[in-house]
>>> print(open('target_6.pdb').read())   # PDB, C-alpha atoms, pLDDT in the B column
MODEL        1
ATOM      1  CA  MET M  30     -15.049  -0.041 -14.023  1.00 67.00           C
ATOM      2  CA  THR M  31     -12.067   2.184 -14.739  1.00 86.00           C
ATOM      3  CA  ARG M  32     -11.394   5.044 -12.375  1.00 93.00           C
ATOM      4  CA  PRO M  33      -9.054   7.998 -12.924  1.00 96.00           C
ATOM      5  CA  SER M  34      -5.748   7.859 -11.062  1.00 97.00           C
ATOM      6  CA  ALA M  35      -4.991  10.104  -8.119  1.00 98.00           C
ATOM      7  CA  THR M  36      -2.013  12.387  -8.787  1.00 98.00           C
ATOM      8  CA  PRO M  37       1.057  11.872  -6.578  1.00 98.00           C
ATOM      9  CA  THR M  38       3.647  14.658  -6.336  1.00 98.00           C
ATOM     10  CA  VAL M  39       6.841  13.745  -4.494  1.00 98.00           C
ATOM     11  CA  GLN M  40       7.956  16.780  -2.504  1.00 98.00           C
ATOM     12  CA  VAL M  41      10.889  15.249  -0.571  1.00 98.00           C
ATOM     13  CA  ASP M  42      12.804  12.038  -1.255  1.00 97.00           C
ATOM     14  CA  ASP M  43      16.009  11.749   0.747  1.00 96.00           C
ATOM     15  CA  ASP M  44      17.772   9.149   2.910  1.00 94.00           C
ATOM     16  CA  ARG M  45      15.235   9.453   5.747  1.00 95.00           C
ATOM     17  CA  PHE M  46      11.856  10.447   4.299  1.00 96.00           C
ATOM     18  CA  ARG M  47       9.655  10.439   1.231  1.00 97.00           C
ATOM     19  CA  VAL M  48       6.888  13.046   1.322  1.00 98.00           C
ATOM     20  CA  THR M  49       4.176  12.754  -1.310  1.00 98.00           C
ATOM     21  CA  GLU M  50       1.151  14.951  -1.882  1.00 98.00           C
ATOM     22  CA  TRP M  51      -1.798  12.956  -3.224  1.00 98.00           C
ATOM     23  CA  ARG M  52      -4.545  14.814  -5.123  1.00 98.00           C
ATOM     24  CA  PHE M  53      -7.767  12.981  -5.929  1.00 98.00           C
ATOM     25  CA  ALA M  54     -10.271  14.255  -8.465  1.00 98.00           C
ATOM     26  CA  PRO M  55     -13.825  13.049  -7.805  1.00 97.00           C
ATOM     27  CA  GLY M  56     -13.856   9.277  -8.380  1.00 96.00           C
ATOM     28  CA  ALA M  57     -10.046   8.945  -8.489  1.00 98.00           C
ATOM     29  CA  GLU M  58      -8.080   6.136  -6.832  1.00 97.00           C
ATOM     30  CA  THR M  59      -4.502   5.436  -5.763  1.00 97.00           C
ATOM     31  CA  GLY M  60      -4.490   1.994  -7.344  1.00 95.00           C
ATOM     32  CA  TRP M  61      -3.696  -1.169  -5.396  1.00 96.00           C
ATOM     33  CA  HIS M  62      -0.425  -0.896  -3.486  1.00 96.00           C
ATOM     34  CA  THR M  63       1.395  -2.262  -0.441  1.00 96.00           C
ATOM     35  CA  HIS M  64       3.175   0.027   1.989  1.00 94.00           C
ATOM     36  CA  GLU M  65       6.750  -1.117   2.592  1.00 94.00           C
ATOM     37  CA  LEU M  66       7.575   1.644   5.102  1.00 95.00           C
ATOM     38  CA  PRO M  67       5.858   3.094   8.184  1.00 95.00           C
ATOM     39  CA  TYR M  68       3.964   6.239   7.247  1.00 96.00           C
ATOM     40  CA  VAL M  69       1.986   9.220   8.480  1.00 97.00           C
ATOM     41  CA  VAL M  70      -0.898  10.768   6.547  1.00 97.00           C
ATOM     42  CA  VAL M  71      -1.864  14.427   6.978  1.00 98.00           C
ATOM     43  CA  PRO M  72      -5.277  15.068   5.382  1.00 98.00           C
ATOM     44  CA  GLN M  73      -5.584  18.463   3.715  1.00 98.00           C
ATOM     45  CA  THR M  74      -9.318  17.960   3.142  1.00 97.00           C
ATOM     46  CA  THR M  75     -12.112  17.000   5.518  1.00 97.00           C
ATOM     47  CA  GLY M  76     -14.270  14.170   4.257  1.00 96.00           C
ATOM     48  CA  THR M  77     -14.450  10.454   3.639  1.00 96.00           C
ATOM     49  CA  LEU M  78     -12.293   8.176   1.490  1.00 97.00           C
ATOM     50  CA  THR M  79     -13.197   4.581   0.649  1.00 97.00           C
ATOM     51  CA  VAL M  80     -10.578   1.978   1.593  1.00 96.00           C
ATOM     52  CA  GLU M  81     -10.663  -1.197  -0.477  1.00 96.00           C
ATOM     53  CA  THR M  82      -8.780  -4.219   0.887  1.00 93.00           C
ATOM     54  CA  THR M  83      -8.434  -7.828  -0.199  1.00 89.00           C
ATOM     55  CA  SER M  84      -9.531  -9.129   3.213  1.00 87.00           C
ATOM     56  CA  ALA M  85     -12.716  -7.169   3.947  1.00 86.00           C
ATOM     57  CA  ASP M  86     -15.554  -5.189   2.417  1.00 93.00           C
ATOM     58  CA  PRO M  87     -14.713  -1.580   1.497  1.00 94.00           C
ATOM     59  CA  LEU M  88     -14.864   0.764   4.457  1.00 94.00           C
ATOM     60  CA  ALA M  89     -15.384   4.489   4.805  1.00 96.00           C
ATOM     61  CA  MET M  90     -12.460   6.317   6.415  1.00 96.00           C
ATOM     62  CA  ASP M  91     -13.357   9.701   7.875  1.00 97.00           C
ATOM     63  CA  CYS M  92     -10.566  12.273   7.580  1.00 97.00           C
ATOM     64  CA  THR M  93     -10.272  15.727   9.102  1.00 98.00           C
ATOM     65  CA  ALA M  94      -7.990  18.348   7.569  1.00 98.00           C
ATOM     66  CA  GLY M  95      -4.850  18.701   9.669  1.00 98.00           C
ATOM     67  CA  VAL M  96      -5.557  15.641  11.880  1.00 98.00           C
ATOM     68  CA  SER M  97      -2.782  13.132  11.164  1.00 98.00           C
ATOM     69  CA  TYR M  98      -2.737   9.359  11.577  1.00 96.00           C
ATOM     70  CA  SER M  99       0.042   6.771  11.294  1.00 96.00           C
ATOM     71  CA  ARG M 100       0.217   3.214   9.987  1.00 94.00           C
ATOM     72  CA  GLU M 101       2.777   0.410  10.036  1.00 93.00           C
ATOM     73  CA  PRO M 102       4.082  -1.151   6.805  1.00 93.00           C
ATOM     74  CA  GLY M 103       2.291  -4.061   5.173  1.00 92.00           C
ATOM     75  CA  ALA M 104      -1.094  -2.545   4.367  1.00 85.00           C
ATOM     76  CA  HIS M 105      -2.302  -3.649   0.914  1.00 92.00           C
ATOM     77  CA  HIS M 106      -5.158  -1.452  -0.239  1.00 95.00           C
ATOM     78  CA  ASN M 107      -6.659   0.982  -2.728  1.00 97.00           C
ATOM     79  CA  LEU M 108      -7.983   4.418  -1.674  1.00 97.00           C
ATOM     80  CA  VAL M 109     -10.906   5.864  -3.610  1.00 97.00           C
ATOM     81  CA  ASN M 110     -12.399   9.354  -3.533  1.00 98.00           C
ATOM     82  CA  ASP M 111     -16.116   8.623  -3.901  1.00 95.00           C
ATOM     83  CA  ARG M 112     -16.890  12.279  -3.168  1.00 94.00           C
ATOM     84  CA  ASP M 113     -18.148  14.823  -5.688  1.00 96.00           C
ATOM     85  CA  GLU M 114     -15.300  17.144  -4.671  1.00 97.00           C
ATOM     86  CA  PRO M 115     -11.490  16.866  -4.818  1.00 98.00           C
ATOM     87  CA  PHE M 116      -9.575  15.387  -1.896  1.00 98.00           C
ATOM     88  CA  THR M 117      -5.904  15.914  -0.920  1.00 98.00           C
ATOM     89  CA  PHE M 118      -3.556  14.428   1.659  1.00 98.00           C
ATOM     90  CA  VAL M 119       0.176  14.420   2.333  1.00 98.00           C
ATOM     91  CA  GLU M 120       1.865  11.074   3.022  1.00 98.00           C
ATOM     92  CA  ILE M 121       5.182  10.946   4.907  1.00 98.00           C
ATOM     93  CA  GLU M 122       7.074   7.658   4.706  1.00 97.00           C
ATOM     94  CA  ALA M 123       9.906   7.057   7.208  1.00 96.00           C
ATOM     95  CA  LYS M 124      12.849   5.366   5.481  1.00 95.00           C
ATOM     96  CA  ALA M 125      15.297   5.368   8.414  1.00 80.00           C
ATOM     97  CA  GLY M 126      15.634   6.524  11.976  1.00 68.00           C
ATOM     98  CA  PRO M 127      17.859   9.389  13.084  1.00 64.00           C
ATOM     99  CA  SER M 128      21.574   8.925  12.458  1.00 60.00           C
ATOM    100  CA  ALA M 129      23.781   8.486  15.501  1.00 50.00           C
TER
ENDMDL
END
>>> encode(input="target_6.pdb", output="structure tokens")
Amino acid sequence: MTRPSATPTVQVDDDRFRVTEWRFAPGAETGWHTHELPYVVVPQTTGTLTVETTSADPLAMDCTAGVSYSREPGAHHNLVNDRDEPFTFVEIEAKAGPSA
């Protein structure tokens, strides 16, 4: 089954951070990827995304607009919007700590 791709828009990409807005049409997915940096996600939509992993059955991840969560690098997954409505979140990847 082929799904449409979610649309990433990089808003900031400097020495310390990469900030990407992800917009999902109904049925869209990020595609399989592995996070190489620690990151924070700020949902802009309230609802559920499906998380596909290679090590477990897909799971439903409940998100609330404006309620952030963080993850360490290494996650290999695909996010899918199984909703009938669009879904959006902002992802902030930390490239480096503060300079001394």
>>> resolve_selection(input="target_6.pdb", expression="the PyMOL selection byres ((chain M and resi 111-127) around 6)", output="list in words")
Arg45, Phe46, Arg47, Val48, Thr49, Glu50, Trp51, Arg52, Phe53, Ala54, Pro55, Gly56, Pro67, Tyr68, Val69, Val70, Val71, Pro72, Gln73, Thr74, Val109, Asn110 and Ser128 of chain M
>>> resolve_selection(input="target_6.pdb", expression="the PyMOL selection byres ((chain M and resi 105) around 6)", output="list in words")
His62, Thr63, Ala104 and His106 of chain M
>>> resolve_selection(input="target_6.pdb", expression="the PyMOL selection byres ((chain M and resi 80) around 12)", output="number ranges by chain")
M: 58-62, 77-79, 81-92, 104-111
>>> atom_distance(input="target_6.pdb", atom1="CA of Ala57 (chain M)", atom2="CA of Arg32 (chain M)")
5.7 Å
>>> closest_residue(input="target_6.pdb", among="M:Ser34, M:Asp44, M:Thr75, M:Leu66", to="Gly103 (chain M)", atoms="all atoms listed in the file")
M:Leu66
>>> atom_distance(input="target_6.pdb", atom1="CA of Val41 (chain M)", atom2="CA of Gly76 (chain M)")
25.6 Å
>>> closest_residue(input="target_6.pdb", among="M:Thr31, M:His64, M:Asp43, M:Thr36", to="Arg100 (chain M)", atoms="all atoms listed in the file")
M:His64
>>> build_atoms(input="target_6.pdb", residues="region 34-60 of chain M", atoms="N, CA and C atoms", output="PDB file, in the coordinates of the input")
ATOM      1  N   SER M  34      -6.801   8.015 -12.073  1.00 97.00           N
ATOM      2  CA  SER M  34      -5.748   7.859 -11.062  1.00 97.00           C
ATOM      3  C   SER M  34      -5.580   9.140 -10.263  1.00 97.00           C
ATOM      4  N   ALA M  35      -5.383   8.971  -8.956  1.00 98.00           N
ATOM      5  CA  ALA M  35      -4.991  10.104  -8.119  1.00 98.00           C
ATOM      6  C   ALA M  35      -3.610  10.558  -8.582  1.00 98.00           C
ATOM      7  N   THR M  36      -3.283  11.818  -8.338  1.00 98.00           N
ATOM      8  CA  THR M  36      -2.013  12.387  -8.787  1.00 98.00           C
ATOM      9  C   THR M  36      -1.046  12.529  -7.621  1.00 98.00           C
ATOM     10  N   PRO M  37       0.049  11.721  -7.626  1.00 98.00           N
ATOM     11  CA  PRO M  37       1.057  11.872  -6.578  1.00 98.00           C
ATOM     12  C   PRO M  37       2.140  12.861  -7.005  1.00 98.00           C
ATOM     13  N   THR M  38       2.537  13.733  -6.102  1.00 98.00           N
ATOM     14  CA  THR M  38       3.647  14.658  -6.336  1.00 98.00           C
ATOM     15  C   THR M  38       4.638  14.483  -5.199  1.00 98.00           C
ATOM     16  N   VAL M  39       5.815  13.941  -5.512  1.00 98.00           N
ATOM     17  CA  VAL M  39       6.841  13.745  -4.494  1.00 98.00           C
ATOM     18  C   VAL M  39       7.474  15.100  -4.193  1.00 98.00           C
ATOM     19  N   GLN M  40       7.422  15.491  -2.928  1.00 98.00           N
ATOM     20  CA  GLN M  40       7.956  16.780  -2.504  1.00 98.00           C
ATOM     21  C   GLN M  40       9.343  16.650  -1.881  1.00 98.00           C
ATOM     22  N   VAL M  41       9.592  15.532  -1.197  1.00 98.00           N
ATOM     23  CA  VAL M  41      10.889  15.249  -0.571  1.00 98.00           C
ATOM     24  C   VAL M  41      11.162  13.773  -0.781  1.00 98.00           C
ATOM     25  N   ASP M  42      12.397  13.438  -1.155  1.00 97.00           N
ATOM     26  CA  ASP M  42      12.804  12.038  -1.255  1.00 97.00           C
ATOM     27  C   ASP M  42      14.295  11.981  -0.954  1.00 97.00           C
ATOM     28  N   ASP M  43      14.611  11.782   0.337  1.00 96.00           N
ATOM     29  CA  ASP M  43      16.009  11.749   0.747  1.00 96.00           C
ATOM     30  C   ASP M  43      16.287  10.440   1.488  1.00 96.00           C
ATOM     31  N   ASP M  44      17.392  10.377   2.220  1.00 94.00           N
ATOM     32  CA  ASP M  44      17.772   9.149   2.910  1.00 94.00           C
ATOM     33  C   ASP M  44      16.806   8.761   4.027  1.00 94.00           C
ATOM     34  N   ARG M  45      16.083   9.728   4.585  1.00 95.00           N
ATOM     35  CA  ARG M  45      15.235   9.453   5.747  1.00 95.00           C
ATOM     36  C   ARG M  45      13.745   9.465   5.479  1.00 95.00           C
ATOM     37  N   PHE M  46      13.289  10.290   4.521  1.00 96.00           N
ATOM     38  CA  PHE M  46      11.856  10.447   4.299  1.00 96.00           C
ATOM     39  C   PHE M  46      11.503  10.530   2.823  1.00 96.00           C
ATOM     40  N   ARG M  47      10.274  10.120   2.525  1.00 97.00           N
ATOM     41  CA  ARG M  47       9.655  10.439   1.231  1.00 97.00           C
ATOM     42  C   ARG M  47       8.316  11.084   1.570  1.00 97.00           C
ATOM     43  N   VAL M  48       8.120  12.292   1.078  1.00 98.00           N
ATOM     44  CA  VAL M  48       6.888  13.046   1.322  1.00 98.00           C
ATOM     45  C   VAL M  48       6.179  13.209  -0.016  1.00 98.00           C
ATOM     46  N   THR M  49       4.943  12.724  -0.061  1.00 98.00           N
ATOM     47  CA  THR M  49       4.176  12.754  -1.310  1.00 98.00           C
ATOM     48  C   THR M  49       2.830  13.409  -1.067  1.00 98.00           C
ATOM     49  N   GLU M  50       2.502  14.371  -1.902  1.00 98.00           N
ATOM     50  CA  GLU M  50       1.151  14.951  -1.882  1.00 98.00           C
ATOM     51  C   GLU M  50       0.301  14.150  -2.856  1.00 98.00           C
ATOM     52  N   TRP M  51      -0.854  13.700  -2.389  1.00 98.00           N
ATOM     53  CA  TRP M  51      -1.798  12.956  -3.224  1.00 98.00           C
ATOM     54  C   TRP M  51      -3.027  13.811  -3.471  1.00 98.00           C
ATOM     55  N   ARG M  52      -3.346  14.058  -4.737  1.00 98.00           N
ATOM     56  CA  ARG M  52      -4.545  14.814  -5.123  1.00 98.00           C
ATOM     57  C   ARG M  52      -5.503  13.888  -5.863  1.00 98.00           C
ATOM     58  N   PHE M  53      -6.732  13.838  -5.367  1.00 98.00           N
ATOM     59  CA  PHE M  53      -7.767  12.981  -5.929  1.00 98.00           C
ATOM     60  C   PHE M  53      -8.851  13.840  -6.569  1.00 98.00           C
ATOM     61  N   ALA M  54      -9.074  13.684  -7.840  1.00 98.00           N
ATOM     62  CA  ALA M  54     -10.271  14.255  -8.465  1.00 98.00           C
ATOM     63  C   ALA M  54     -11.459  13.411  -7.996  1.00 98.00           C
ATOM     64  N   PRO M  55     -12.679  13.892  -8.146  1.00 97.00           N
ATOM     65  CA  PRO M  55     -13.825  13.049  -7.805  1.00 97.00           C
ATOM     66  C   PRO M  55     -13.741  11.709  -8.540  1.00 97.00           C
ATOM     67  N   GLY M  56     -13.896  10.615  -7.795  1.00 96.00           N
ATOM     68  CA  GLY M  56     -13.856   9.277  -8.380  1.00 96.00           C
ATOM     69  C   GLY M  56     -12.472   8.681  -8.552  1.00 96.00           C
ATOM     70  N   ALA M  57     -11.413   9.432  -8.258  1.00 98.00           N
ATOM     71  CA  ALA M  57     -10.046   8.945  -8.489  1.00 98.00           C
ATOM     72  C   ALA M  57      -9.612   7.964  -7.401  1.00 98.00           C
ATOM     73  N   GLU M  58      -8.608   7.137  -7.745  1.00 97.00           N
ATOM     74  CA  GLU M  58      -8.080   6.136  -6.832  1.00 97.00           C
ATOM     75  C   GLU M  58      -6.555   6.129  -6.858  1.00 97.00           C
ATOM     76  N   THR M  59      -5.955   5.583  -5.780  1.00 97.00           N
ATOM     77  CA  THR M  59      -4.502   5.436  -5.763  1.00 97.00           C
ATOM     78  C   THR M  59      -4.055   4.272  -6.627  1.00 97.00           C
ATOM     79  N   GLY M  60      -4.897   3.265  -6.756  1.00 95.00           N
ATOM     80  CA  GLY M  60      -4.490   1.994  -7.344  1.00 95.00           C
ATOM     81  C   GLY M  60      -4.009   1.085  -6.221  1.00 95.00           C
TER      82      GLY M  60
END
